[in-house]
>>> print(open('input31.cif').read())   # mmCIF, C-alpha atoms
data_model
loop_
_atom_site.label_atom_id
_atom_site.label_comp_id
_atom_site.auth_asym_id
_atom_site.auth_seq_id
_atom_site.Cartn_x
_atom_site.Cartn_y
_atom_site.Cartn_z
CA MET X 1 120.89 91.84 56.62
CA LYS X 2 117.21 91.25 57.45
CA ARG X 3 118.19 89.65 60.76
CA GLN X 4 120.33 92.66 61.67
CA ARG X 5 117.42 95.01 60.91
CA ASN X 6 115.11 92.94 63.15
CA ILE X 7 117.65 93.01 65.96
CA LEU X 8 118.14 96.77 65.54
CA ALA X 9 114.37 97.36 65.49
CA ALA X 10 113.90 95.27 68.66
CA LEU X 11 116.73 97.15 70.34
CA LEU X 12 115.21 100.49 69.37
CA VAL X 13 111.78 99.47 70.71
CA GLY X 14 113.41 98.35 73.96
CA ILE X 15 115.30 101.63 74.36
CA VAL X 16 112.17 103.71 73.68
CA ALA X 17 110.21 101.61 76.20
CA ALA X 18 112.96 102.03 78.81
CA PHE X 19 113.06 105.81 78.33
CA THR X 20 109.27 105.96 78.57
CA LEU X 21 109.32 104.08 81.88
CA VAL X 22 112.09 106.25 83.28
CA ALA X 23 110.36 109.44 82.15
CA CYS X 24 107.08 108.42 83.79
CA GLY X 25 108.59 106.79 86.86
CA GLY X 26 108.40 109.38 89.62
CA LYS X 27 105.67 111.55 88.14
CA GLN X 28 102.74 109.17 87.95
CA THR X 29 99.77 110.09 90.04
CA ALA X 30 96.62 108.10 90.33
CA ASN X 31 93.58 109.30 88.41
CA THR X 32 90.93 109.84 91.06
CA ASP X 33 88.02 110.63 88.71
CA ASN X 34 86.31 107.24 89.05
CA VAL X 35 87.12 106.80 92.75
CA VAL X 36 84.07 106.87 95.00
CA ALA X 37 83.63 109.80 97.35
CA ARG X 38 84.53 109.16 100.97
CA PRO X 39 81.47 108.11 102.95
CA THR X 40 80.26 110.25 105.81
CA PRO X 41 80.91 109.90 108.67
CA ASN X 42 84.57 109.09 108.16
CA THR X 43 85.37 105.55 109.25
CA TYR X 44 88.29 103.15 109.01
CA LEU X 45 86.17 100.36 107.54
CA ASN X 46 84.33 101.40 104.38
CA ASP X 47 82.55 98.24 103.25
CA MET X 48 80.72 99.54 100.20
CA ALA X 49 80.59 96.02 98.75
CA GLY X 50 78.78 94.65 101.80
CA ILE X 51 81.18 91.71 102.11
CA ILE X 52 81.78 92.02 105.85
CA LYS X 53 78.72 91.26 107.95
CA GLU X 54 77.58 94.06 110.23
CA ASP X 55 77.04 91.93 113.33
CA ALA X 56 77.56 88.18 113.45
CA LYS X 57 78.49 85.67 116.08
CA ASP X 58 80.21 83.20 113.76
CA THR X 59 82.41 85.69 111.93
CA ILE X 60 84.43 88.86 112.26
CA SER X 61 81.82 91.62 112.32
CA ALA X 62 82.12 94.98 110.64
CA HIS X 63 81.36 96.68 113.94
CA TRP X 64 84.20 94.87 115.72
CA MET X 65 86.62 95.52 112.83
CA GLU X 66 85.82 99.25 112.81
CA ASP X 67 86.32 99.47 116.59
CA THR X 68 89.64 97.65 116.31
CA LEU X 69 90.91 99.91 113.51
CA LYS X 70 89.80 103.02 115.41
CA SER X 71 91.53 101.85 118.59
CA TYR X 72 94.71 101.12 116.61
CA ALA X 73 94.67 104.62 115.09
CA GLU X 74 94.26 106.17 118.55
CA THR X 75 97.20 104.26 120.06
CA SER X 76 99.58 104.22 117.09
CA PRO X 77 101.11 106.83 114.80
CA TYR X 78 99.60 104.89 111.86
CA LYS X 79 96.13 104.47 110.42
CA ILE X 80 94.80 101.50 108.45
CA TYR X 81 91.78 101.93 106.20
CA VAL X 82 89.85 99.04 104.67
CA VAL X 83 87.78 99.87 101.60
CA THR X 84 85.66 97.42 99.62
CA THR X 85 83.61 97.97 96.49
CA LYS X 86 81.64 96.16 93.81
CA GLU X 87 82.10 99.05 91.39
CA SER X 88 84.21 98.92 88.25
CA LEU X 89 87.74 100.20 88.63
CA GLY X 90 87.75 101.51 85.08
CA ASP X 91 91.16 101.00 83.56
CA MET X 92 92.88 100.91 86.94
CA GLY X 93 94.15 97.85 88.76
CA ALA X 94 93.44 97.31 92.44
CA GLN X 95 96.84 98.67 93.48
CA ALA X 96 96.36 101.93 91.57
CA TYR X 97 92.79 102.22 92.84
CA ALA X 98 93.96 101.85 96.46
CA LYS X 99 96.48 104.62 95.87
CA ALA X 100 93.81 106.81 94.25
CA ILE X 101 91.56 106.31 97.30
CA ALA X 102 94.37 107.46 99.60
CA GLU X 103 94.92 110.55 97.46
CA LYS X 104 91.27 111.52 96.90
CA TRP X 105 90.26 110.90 100.50
CA GLN X 106 93.46 112.65 101.75
CA LEU X 107 94.25 109.88 104.22
CA GLY X 108 97.75 111.08 105.08
CA ASP X 109 101.32 109.91 104.78
CA SER X 110 101.21 107.53 107.75
CA SER X 111 98.22 105.56 106.51
CA VAL X 112 97.81 102.29 104.64
CA VAL X 113 94.79 101.45 102.47
CA LEU X 114 93.72 97.83 102.13
CA PHE X 115 91.37 97.70 99.14
CA ILE X 116 89.21 94.75 98.05
CA GLN X 117 87.02 94.75 94.96
CA ARG X 118 84.44 91.99 94.82
CA THR X 119 82.50 91.22 91.66
CA PRO X 120 80.30 88.19 91.01
CA GLN X 121 83.10 86.64 88.94
CA ALA X 122 86.26 87.50 90.86
CA PHE X 123 88.03 89.69 93.40
CA GLN X 124 91.04 92.02 93.36
CA VAL X 125 93.13 93.27 96.26
CA GLY X 126 95.40 96.29 96.50
CA ILE X 127 97.49 97.82 99.28
CA ALA X 128 98.63 101.44 99.17
CA PRO X 129 101.06 102.64 101.86
CA GLY X 130 101.42 106.36 102.52
CA ALA X 131 104.74 108.11 101.92
CA ALA X 132 105.87 107.86 105.57
CA VAL X 133 105.50 104.07 105.63
CA LYS X 134 106.39 103.19 102.04
CA ASP X 135 109.80 101.83 103.11
CA LYS X 136 108.03 99.09 105.09
CA PHE X 137 106.02 97.96 102.05
CA ASN X 138 108.09 97.22 98.97
CA GLN X 139 106.23 95.62 96.06
CA GLN X 140 107.40 92.12 96.99
CA THR X 141 105.99 92.55 100.51
CA ILE X 142 102.69 93.87 99.17
CA ASP X 143 102.42 90.97 96.72
CA GLN X 144 103.17 88.48 99.50
CA ILE X 145 100.51 89.94 101.79
CA ILE X 146 97.93 89.96 99.00
CA GLN X 147 98.67 86.44 97.82
CA ASP X 148 99.43 84.59 101.05
CA LYS X 149 97.47 86.45 103.72
CA ILE X 150 94.39 87.67 101.83
CA GLY X 151 93.87 85.85 98.54
CA HIS X 152 94.68 82.45 99.99
CA VAL X 153 92.10 82.95 102.75
CA ILE X 154 89.39 84.05 100.31
CA LEU X 155 89.99 81.00 98.14
CA SER X 156 90.49 78.52 100.98
CA TYR X 157 87.50 79.64 103.02
CA LYS X 158 85.12 80.07 100.08
CA GLY X 159 84.70 83.81 100.10
CA ARG X 160 85.31 84.67 103.74
CA PHE X 161 86.22 88.26 103.01
CA ASP X 162 85.89 89.17 106.68
CA ARG X 163 88.63 86.72 107.62
CA ALA X 164 90.76 87.75 104.63
CA ALA X 165 90.49 91.45 105.48
CA TRP X 166 91.38 90.71 109.10
CA ASN X 167 94.45 88.72 108.02
CA GLY X 168 95.50 91.65 105.85
CA ILE X 169 95.03 94.09 108.72
CA ARG X 170 97.09 91.93 111.09
CA GLU X 171 99.90 91.61 108.55
CA ILE X 172 99.90 95.37 107.87
CA LYS X 173 100.03 96.08 111.63
CA ASP X 174 102.99 93.68 111.97
CA ARG X 175 104.85 95.52 109.17
CA LEU X 176 104.19 98.90 110.80
CA LYS X 177 105.89 97.92 114.09
#
>>> encode(input="input31.cif", output="structure tokens")
Amino acid sequence: MKRQRNILAALLVGIVAAFTLVACGGKQTANTDNVVARPTPNTYLNDMAGIIKEDAKDTISAHWMEDTLKSYAETSPYKIYVVTTKESLGDMGAQAYAKAIAEKWQLGDSSVVLFIQRTPQAFQVGIAPGAAVKDKFNQQTIDQIIQDKIGHVILSYKGRFDRAAWNGIREIKDRLK
């Protein structure tokens, strides 16, 4: 009898959890309260963490990356934004924060946000595709880009966030073709 009650209780908890997920599924919007304001002037590279060097001969410079992203936006129907921060994400993960940036900054349906948070202890990466390009970025694809193209580079090259961001940009551009 006790075993049947435990099974019934577990089943009930599972059903309630499933209904909660279904009820929240399409209506979740990112909370943009703790998202930083968009810097002025508007740029495609917003390196608020200072992890991409401004001008350097031995690395991918912020100036070059901005010019490349701007050129891509001018010759393509898509826009890619790179945002980095050292700030706390509050109770949000990197993926939700990237989505909140896109919403608060009103980046448009044909944009993709590549977000990197860098703290002294760790880093987090998120990718948020706009509504018009969401079909090109299922969660498995996003996870693969983050793990294989960005995270692997950061770990393998001892914090080369410039190279990692560039790998992410190249992979996003390939998916947008």
>>> closest_residue(input="input31.cif", among="X:Lys149, X:Glu87, X:Phe123, X:Leu45", to="Ser61 of chain X", atoms="only C-alpha atoms")
X:Leu45
>>> residues_around(input="input31.cif", residues="Glu54 of chain X", least_positions_apart="4", cutoff="12 Å", atoms="all atoms listed in the file", output="PyMOL selection string")
chain X and resi 45-48+50+58-66+162
>>> atom_distance(input="input31.cif", atom1="atom CA of Lys99 of chain X", atom2="atom CA of Ile127 of chain X")
7.7 Å
>>> resolve_selection(input="input31.cif", expression="the PyMOL selection byres ((chain X and resi 143-145) around 10)", output="list of chain:residue names")
X:Val125, X:Gly126, X:Ile127, X:Phe137, X:Asn138, X:Gln139, X:Gln140, X:Thr141, X:Ile142, X:Ile146, X:Gln147, X:Asp148, X:Lys149, X:Ile150, X:Gly151, X:His152, X:Asn167, X:Gly168, X:Ile169, X:Glu171, X:Ile172
>>> write_last_selection(input="input31.cif", atoms="C-alpha atoms", output="mmCIF file, in the coordinates of the input")
data_model
loop_
_atom_site.group_PDB
_atom_site.id
_atom_site.type_symbol
_atom_site.label_atom_id
_atom_site.label_comp_id
_atom_site.auth_asym_id
_atom_site.auth_seq_id
_atom_site.Cartn_x
_atom_site.Cartn_y
_atom_site.Cartn_z
ATOM 1 C CA VAL X 125 93.130 93.270 96.260
ATOM 2 C CA GLY X 126 95.400 96.290 96.500
ATOM 3 C CA ILE X 127 97.490 97.820 99.280
ATOM 4 C CA PHE X 137 106.020 97.960 102.050
ATOM 5 C CA ASN X 138 108.090 97.220 98.970
ATOM 6 C CA GLN X 139 106.230 95.620 96.060
ATOM 7 C CA GLN X 140 107.400 92.120 96.990
ATOM 8 C CA THR X 141 105.990 92.550 100.510
ATOM 9 C CA ILE X 142 102.690 93.870 99.170
ATOM 10 C CA ILE X 146 97.930 89.960 99.000
ATOM 11 C CA GLN X 147 98.670 86.440 97.820
ATOM 12 C CA ASP X 148 99.430 84.590 101.050
ATOM 13 C CA LYS X 149 97.470 86.450 103.720
ATOM 14 C CA ILE X 150 94.390 87.670 101.830
ATOM 15 C CA GLY X 151 93.870 85.850 98.540
ATOM 16 C CA HIS X 152 94.680 82.450 99.990
ATOM 17 C CA ASN X 167 94.450 88.720 108.020
ATOM 18 C CA GLY X 168 95.500 91.650 105.850
ATOM 19 C CA ILE X 169 95.030 94.090 108.720
ATOM 20 C CA GLU X 171 99.900 91.610 108.550
ATOM 21 C CA ILE X 172 99.900 95.370 107.870
#
>>> resolve_selection(input="input31.cif", expression="the PyMOL selection byres ((chain X and resi 80-84) around 10)", output="ChimeraX atom specification")
/X:38,43-52,65-66,69-70,72-73,78-79,85-87,98,101-102,107,110-118,124-129,161,165-166,168-169,172-173
>>> resolve_selection(input="input31.cif", expression="the PyMOL selection byres ((chain X and resi 104) around 8)", output="ChimeraX atom specification")
/X:32,35,37,100-103,105-106
>>> write_last_selection(input="input31.cif", atoms="C-alpha atoms", output="tab-separated table (two decimals), in the coordinates of the input")
chain	number	residue	atom	x	y	z
X	32	THR	CA	90.93	109.84	91.06
X	35	VAL	CA	87.12	106.80	92.75
X	37	ALA	CA	83.63	109.80	97.35
X	100	ALA	CA	93.81	106.81	94.25
X	101	ILE	CA	91.56	106.31	97.30
X	102	ALA	CA	94.37	107.46	99.60
X	103	GLU	CA	94.92	110.55	97.46
X	105	TRP	CA	90.26	110.90	100.50
X	106	GLN	CA	93.46	112.65	101.75
>>> closest_residue(input="input31.cif", among="X:Ser156, X:Asn31, X:Thr68, X:Gln95", to="Arg170 of chain X", atoms="all atoms listed in the file")
X:Thr68
>>> atom_distance(input="input31.cif", atom1="atom CA of Leu89 of chain X", atom2="atom CA of Thr119 of chain X")
10.8 Å
>>> atom_distance(input="input31.cif", atom1="atom CA of Leu176 of chain X", atom2="atom CA of Glu74 of chain X")
14.5 Å
>>> build_atoms(input="input31.cif", residues="segment 149-160 of chain X", atoms="all heavy atoms", output="short mmCIF file (atom, residue, chain, number, x, y, z; two decimals), keeping the file's coordinate frame")
data_model
loop_
_atom_site.label_atom_id
_atom_site.label_comp_id
_atom_site.auth_asym_id
_atom_site.auth_seq_id
_atom_site.Cartn_x
_atom_site.Cartn_y
_atom_site.Cartn_z
N LYS X 149 98.27 86.11 102.54
CA LYS X 149 97.47 86.45 103.72
C LYS X 149 96.02 86.81 103.40
O LYS X 149 95.16 86.70 104.25
CB LYS X 149 98.10 87.63 104.48
CG LYS X 149 99.53 87.39 104.89
CD LYS X 149 99.65 86.21 105.83
CE LYS X 149 101.11 86.02 106.23
NZ LYS X 149 101.31 84.85 107.05
N ILE X 150 95.76 87.26 102.18
CA ILE X 150 94.39 87.67 101.83
C ILE X 150 93.79 86.74 100.78
O ILE X 150 92.77 86.10 101.03
CB ILE X 150 94.38 89.14 101.36
CG1 ILE X 150 94.92 90.05 102.47
CG2 ILE X 150 92.97 89.55 100.94
CD1 ILE X 150 95.17 91.47 102.05
N GLY X 151 94.41 86.67 99.63
CA GLY X 151 93.87 85.85 98.54
C GLY X 151 93.74 84.39 98.90
O GLY X 151 92.72 83.76 98.60
N HIS X 152 94.73 83.85 99.58
CA HIS X 152 94.68 82.45 99.99
C HIS X 152 93.49 82.19 100.91
O HIS X 152 92.80 81.18 100.78
CB HIS X 152 95.98 82.06 100.69
CG HIS X 152 95.97 80.69 101.28
ND1 HIS X 152 96.04 79.56 100.51
CD2 HIS X 152 95.85 80.27 102.57
CE1 HIS X 152 95.98 78.49 101.30
NE2 HIS X 152 95.87 78.91 102.55
N VAL X 153 93.22 83.11 101.82
CA VAL X 153 92.10 82.95 102.75
C VAL X 153 90.77 83.01 102.00
O VAL X 153 89.87 82.21 102.25
CB VAL X 153 92.16 84.02 103.86
CG1 VAL X 153 90.88 84.02 104.69
CG2 VAL X 153 93.36 83.78 104.74
N ILE X 154 90.63 83.95 101.07
CA ILE X 154 89.39 84.05 100.31
C ILE X 154 89.12 82.76 99.55
O ILE X 154 88.01 82.23 99.55
CB ILE X 154 89.43 85.26 99.35
CG1 ILE X 154 89.44 86.57 100.15
CG2 ILE X 154 88.23 85.23 98.39
CD1 ILE X 154 89.71 87.81 99.31
N LEU X 155 90.16 82.22 98.92
CA LEU X 155 89.99 81.00 98.14
C LEU X 155 89.80 79.78 99.03
O LEU X 155 88.96 78.92 98.76
CB LEU X 155 91.18 80.81 97.21
CG LEU X 155 91.34 81.88 96.13
CD1 LEU X 155 92.65 81.70 95.39
CD2 LEU X 155 90.17 81.87 95.17
N SER X 156 90.54 79.69 100.11
CA SER X 156 90.49 78.52 100.98
C SER X 156 89.20 78.45 101.78
O SER X 156 88.69 77.38 102.07
CB SER X 156 91.66 78.51 101.96
OG SER X 156 92.87 78.41 101.26
N TYR X 157 88.69 79.60 102.18
CA TYR X 157 87.50 79.64 103.02
C TYR X 157 86.25 80.05 102.25
O TYR X 157 85.31 80.59 102.81
CB TYR X 157 87.73 80.56 104.23
CG TYR X 157 88.73 80.00 105.19
CD1 TYR X 157 90.07 80.34 105.09
CD2 TYR X 157 88.35 79.11 106.18
CE1 TYR X 157 91.02 79.82 105.95
CE2 TYR X 157 89.28 78.59 107.06
CZ TYR X 157 90.61 78.95 106.94
OH TYR X 157 91.55 78.42 107.80
N LYS X 158 86.29 79.85 100.95
CA LYS X 158 85.12 80.07 100.08
C LYS X 158 84.47 81.43 100.27
O LYS X 158 83.29 81.54 100.60
CB LYS X 158 84.12 78.94 100.28
CG LYS X 158 84.69 77.59 99.90
CD LYS X 158 83.67 76.50 100.10
CE LYS X 158 84.25 75.20 99.60
NZ LYS X 158 84.73 74.31 100.56
N GLY X 159 85.25 82.46 100.08
CA GLY X 159 84.70 83.81 100.10
C GLY X 159 84.58 84.46 101.45
O GLY X 159 83.80 85.40 101.62
N ARG X 160 85.35 84.03 102.41
CA ARG X 160 85.31 84.67 103.74
C ARG X 160 86.13 85.96 103.69
O ARG X 160 87.27 86.02 104.14
CB ARG X 160 85.85 83.72 104.80
CG ARG X 160 84.97 82.54 105.11
CD ARG X 160 83.68 82.92 105.84
NE ARG X 160 83.89 83.66 107.06
CZ ARG X 160 83.98 83.12 108.27
NH1 ARG X 160 83.88 81.83 108.43
NH2 ARG X 160 84.17 83.90 109.32
#
